[in-house]
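Structure first, then comments.
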Amino acid sequence: MRKKIIAGNWKMNKTPKEALELVDLLKSKVDTDKSDVVFCVPFVDLIPVAEALKGTNIAVGAQNMHFQNSGAYTGEVSADMLLDIGVKYVIIGHSERRQYFNETDETVNKKVLKAIEKGLIPIVCVGESLEQREKNVTVDFVRIQVKSAFKDVTSEQAKGVVLAYEPIWAIGTGITATSEQAEEVCAAIRKTVAEIYDQSVADEIRIQYGGSVNGSNAGELFGMADIDGGLVGGASLKEDFESIVNY
Ligand code: PEP
């Protein structure tokens with residue numbers, strides 16, 4: 001039985017002071033028995049948020065990292081830096097990073113390998129554009145993204161990775177994929193994992209849905225057979241996140 005995992009992606013929102021206010025509001029309210037809960041916060045919020053979450057079962061996640069260990073990469077943050085401050089998860093390959101910051105399938109794979117090597121849990125984002133959905137190439141496209149992300153990842157390592165299916169047309173738009181649309185692609189992703197590895201890895205790996213999840217649609221989406229929780233943007237910045245986690 002896979003435990004659900006619900007992660008908030010705060011994106012570039014909340015100063016450290018504002019972050020602490022939100023953590024204070026949510027930390028005693030979210031149910032961490034039913035689901036693993038992660039707050040993926042901006043880099044500057046990681047230290048105070050990790051401190052504020054001590055003694056809870058809510059984990060802290062970053063939204064990106066570099067694939068090199070250290071060195072002359074101005075503006076970047078390494079896996080060791082994240083680990084040193086208590087970060088457990090890292091989002092890799094979010095569509096906004098692919099779109100605005102030249103993240104490619106190749107860099108996503110490098111980051112996945114580095115995160116795993118260092119002991120961080122990657123939350124790897126995949127998903128199609130509206131144009132791709134309209135051209136009926138969604139599953140083909142997502143399969144390529146999944147296969148690239150797992151290049152050189154062993155089956156034992158793959159089990160611990162979290163995948164997030166996030167159709168780009170549903171992110172931040174208020175348009176949610178129907179539970180059938182989301183399930184269809186999440187099931188195809190699981191099948192792809194079974195093809196790369198075997199059924200036992202596919203049965204164990206957790207696949208989230210992301211794209212305008214809110215308190216009203218979370219229950220139906222997370223109730224689908226191949227959807228193991230959600231990656232939540234906008235609604236993770238509000239008290240509403242409580243109703244998503246406690247769906
Ligand atoms: C996201 O940023 O990963 C996301 C799914 O955003 P939203 O929930 O706002 O659509």
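FYI, nothing fancy with the structure tokens labels: chains A, B, ... in order, residues from 1 per chain, ligands from 1 as they appear.
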
| request: Quick one: everything within 12 Å of Glu18 (chain A), counting only C-alpha atoms, minus sequence neighbours fewer than 6 positions away in the same chain. Send it as a list of chain:residue names. | output: A:Trp10, A:Asp24, A:Leu25, A:Val41, A:Pro42, A:Val44, A:Asp45, A:Pro48, A:Val49, A:Leu237, A:Lys238

Selected residues written out with N, CA, C and O atoms, as a PDB file, in the first residue's frame:
ATOM      1  N   TRP A  10       5.585  26.336  -3.008  1.00  0.00           N
ATOM      2  CA  TRP A  10       5.300  27.759  -2.752  1.00  0.00           C
ATOM      3  C   TRP A  10       5.801  28.662  -3.878  1.00  0.00           C
ATOM      4  O   TRP A  10       5.533  29.849  -3.880  1.00  0.00           O
ATOM      5  N   ASP A  24       3.081  28.386  10.914  1.00  0.00           N
ATOM      6  CA  ASP A  24       2.421  28.433  12.230  1.00  0.00           C
ATOM      7  C   ASP A  24       0.932  28.114  12.128  1.00  0.00           C
ATOM      8  O   ASP A  24       0.368  27.416  12.956  1.00  0.00           O
ATOM      9  N   LEU A  25       0.335  28.600  11.050  1.00  0.00           N
ATOM     10  CA  LEU A  25      -1.100  28.395  10.823  1.00  0.00           C
ATOM     11  C   LEU A  25      -1.404  26.933  10.503  1.00  0.00           C
ATOM     12  O   LEU A  25      -2.425  26.388  10.906  1.00  0.00           O
ATOM     13  N   VAL A  41       9.692  25.154  -0.203  1.00  0.00           N
ATOM     14  CA  VAL A  41       9.687  26.612  -0.004  1.00  0.00           C
ATOM     15  C   VAL A  41      10.891  27.245  -0.703  1.00  0.00           C
ATOM     16  O   VAL A  41      11.842  26.550  -1.058  1.00  0.00           O
ATOM     17  N   PRO A  42      10.879  28.571  -0.898  1.00  0.00           N
ATOM     18  CA  PRO A  42      12.032  29.240  -1.511  1.00  0.00           C
ATOM     19  C   PRO A  42      13.300  29.019  -0.681  1.00  0.00           C
ATOM     20  O   PRO A  42      13.227  28.831   0.540  1.00  0.00           O
ATOM     21  N   VAL A  44      15.562  30.884   0.623  1.00  0.00           N
ATOM     22  CA  VAL A  44      15.816  31.692   1.830  1.00  0.00           C
ATOM     23  C   VAL A  44      14.875  31.338   2.973  1.00  0.00           C
ATOM     24  O   VAL A  44      15.120  31.698   4.121  1.00  0.00           O
ATOM     25  N   ASP A  45      13.801  30.635   2.659  1.00  0.00           N
ATOM     26  CA  ASP A  45      12.860  30.234   3.719  1.00  0.00           C
ATOM     27  C   ASP A  45      13.209  28.872   4.316  1.00  0.00           C
ATOM     28  O   ASP A  45      12.633  28.470   5.337  1.00  0.00           O
ATOM     29  N   PRO A  48      14.605  28.846   8.258  1.00  0.00           N
ATOM     30  CA  PRO A  48      13.586  29.116   9.289  1.00  0.00           C
ATOM     31  C   PRO A  48      12.413  28.136   9.262  1.00  0.00           C
ATOM     32  O   PRO A  48      11.907  27.756  10.318  1.00  0.00           O
ATOM     33  N   VAL A  49      12.017  27.691   8.074  1.00  0.00           N
ATOM     34  CA  VAL A  49      10.879  26.754   8.008  1.00  0.00           C
ATOM     35  C   VAL A  49      11.286  25.401   8.594  1.00  0.00           C
ATOM     36  O   VAL A  49      10.532  24.785   9.360  1.00  0.00           O
ATOM     37  N   LEU A 237      -0.475  27.984  -0.509  1.00  0.00           N
ATOM     38  CA  LEU A 237      -0.084  29.242   0.129  1.00  0.00           C
ATOM     39  C   LEU A 237      -1.147  29.759   1.078  1.00  0.00           C
ATOM     40  O   LEU A 237      -1.026  30.849   1.632  1.00  0.00           O
ATOM     41  N   LYS A 238      -2.212  28.984   1.203  1.00  0.00           N
ATOM     42  CA  LYS A 238      -3.351  29.439   2.003  1.00  0.00           C
ATOM     43  C   LYS A 238      -3.754  28.362   2.998  1.00  0.00           C
ATOM     44  O   LYS A 238      -3.310  27.219   2.906  1.00  0.00           O
TER      45      LYS A 238
END

| query | Which residues form the shell of 6 Å around ligand 1 when you count only C-alpha atoms and all ligand atoms, given as a PyMOL selection string? | reply | chain A and resi 9+170-172+210-213+231-234

Please, which residues in region 31-88 of chain A fall within 7 Å of region 112-135 of chain A when counting only C-alpha atoms, and what is the closest atom pair and distance in Å to one decimal for each, ordered by chain then residue number, as JSON lines?
{"residue": "A:Phe67", "atom": "CA", "partner": "A:Lys114", "partner_atom": "CA", "distance": 5.6}
{"residue": "A:Ala79", "atom": "CA", "partner": "A:Ala115", "partner_atom": "CA", "distance": 6.3}
{"residue": "A:Lys88", "atom": "CA", "partner": "A:Leu120", "partner_atom": "CA", "distance": 5.4}

| task | Using DSSP on the backbone, list every residue of region 126-188 of chain A that comes out as strand (DSSP E or B), and give them as a VMD selection string. | result | chain A and resid 126 162 to 165

| request: Find the residues around Thr192 (chain A) up to 8 Å (only C-alpha atoms counted), leave out those fewer than 2 positions away in its own chain, and share them as number ranges by chain. | output: A: 143, 146-147, 188-190, 194-196

Would you save the residues from that selection as a short mmCIF file (atom, residue, chain, number, x, y, z; two decimals), in the first residue's frame, using all heavy atoms?
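Written out: result27.cif:
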data_model
loop_
_atom_site.label_atom_id
_atom_site.label_comp_id
_atom_site.auth_asym_id
_atom_site.auth_seq_id
_atom_site.Cartn_x
_atom_site.Cartn_y
_atom_site.Cartn_z
N ARG A 143 6.01 9.86 -21.57
CA ARG A 143 6.85 8.65 -21.50
C ARG A 143 8.32 8.98 -21.77
O ARG A 143 9.21 8.47 -21.09
CB ARG A 143 6.37 7.61 -22.53
CG ARG A 143 5.18 6.78 -22.05
CD ARG A 143 4.61 5.96 -23.19
NE ARG A 143 5.55 5.02 -23.78
CZ ARG A 143 5.84 3.82 -23.27
NH1 ARG A 143 5.26 3.41 -22.18
NH2 ARG A 143 6.71 3.03 -23.86
N VAL A 146 9.75 10.66 -18.70
CA VAL A 146 9.99 9.71 -17.60
C VAL A 146 11.24 8.87 -17.89
O VAL A 146 12.11 8.71 -17.03
CB VAL A 146 8.75 8.80 -17.39
CG1 VAL A 146 9.05 7.67 -16.40
CG2 VAL A 146 7.55 9.63 -16.90
N LYS A 147 11.32 8.37 -19.11
CA LYS A 147 12.48 7.53 -19.46
C LYS A 147 13.78 8.31 -19.32
O LYS A 147 14.78 7.79 -18.83
CB LYS A 147 12.34 6.99 -20.88
CG LYS A 147 11.30 5.87 -20.97
CD LYS A 147 11.25 5.31 -22.38
CE LYS A 147 10.23 4.20 -22.47
NZ LYS A 147 10.02 3.72 -23.82
N ALA A 188 -0.38 5.52 -17.23
CA ALA A 188 0.61 5.34 -18.31
C ALA A 188 2.03 5.53 -17.77
O ALA A 188 2.96 4.83 -18.20
CB ALA A 188 0.32 6.32 -19.44
N ILE A 189 2.18 6.45 -16.84
CA ILE A 189 3.50 6.67 -16.23
C ILE A 189 3.91 5.41 -15.45
O ILE A 189 5.04 4.94 -15.54
CB ILE A 189 3.49 7.92 -15.32
CG1 ILE A 189 3.35 9.19 -16.16
CG2 ILE A 189 4.73 7.97 -14.44
CD1 ILE A 189 3.13 10.47 -15.37
N ARG A 190 2.96 4.87 -14.69
CA ARG A 190 3.29 3.66 -13.91
C ARG A 190 3.67 2.51 -14.84
O ARG A 190 4.60 1.74 -14.57
CB ARG A 190 2.10 3.28 -13.01
CG ARG A 190 2.51 2.40 -11.84
CD ARG A 190 1.37 2.11 -10.86
NE ARG A 190 0.81 3.28 -10.21
CZ ARG A 190 1.43 3.99 -9.26
NH1 ARG A 190 2.60 3.63 -8.82
NH2 ARG A 190 0.85 5.07 -8.73
N ALA A 194 7.14 0.35 -15.10
CA ALA A 194 7.19 -1.13 -15.14
C ALA A 194 8.01 -1.60 -16.33
O ALA A 194 8.74 -2.59 -16.23
CB ALA A 194 5.78 -1.69 -15.20
N GLU A 195 7.92 -0.89 -17.44
CA GLU A 195 8.71 -1.26 -18.63
C GLU A 195 10.20 -1.00 -18.41
O GLU A 195 11.04 -1.79 -18.81
CB GLU A 195 8.24 -0.45 -19.84
CG GLU A 195 6.94 -0.95 -20.44
CD GLU A 195 6.35 0.08 -21.42
OE1 GLU A 195 7.12 0.88 -21.99
OE2 GLU A 195 5.12 0.06 -21.57
N ILE A 196 10.51 0.12 -17.76
CA ILE A 196 11.93 0.44 -17.53
C ILE A 196 12.53 -0.55 -16.51
O ILE A 196 13.63 -1.03 -16.69
CB ILE A 196 12.11 1.88 -16.98
CG1 ILE A 196 11.47 2.92 -17.89
CG2 ILE A 196 13.59 2.20 -16.76
CD1 ILE A 196 11.41 4.33 -17.29
#

| field | Atom-to-atom span, CA of Gly229 (chain A) and CA of Ile207 (chain A), Å | value |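 Spanning CA of Gly229 (chain A) to CA of Ile207 (chain A) is a straight-line distance of 7.1 Å.
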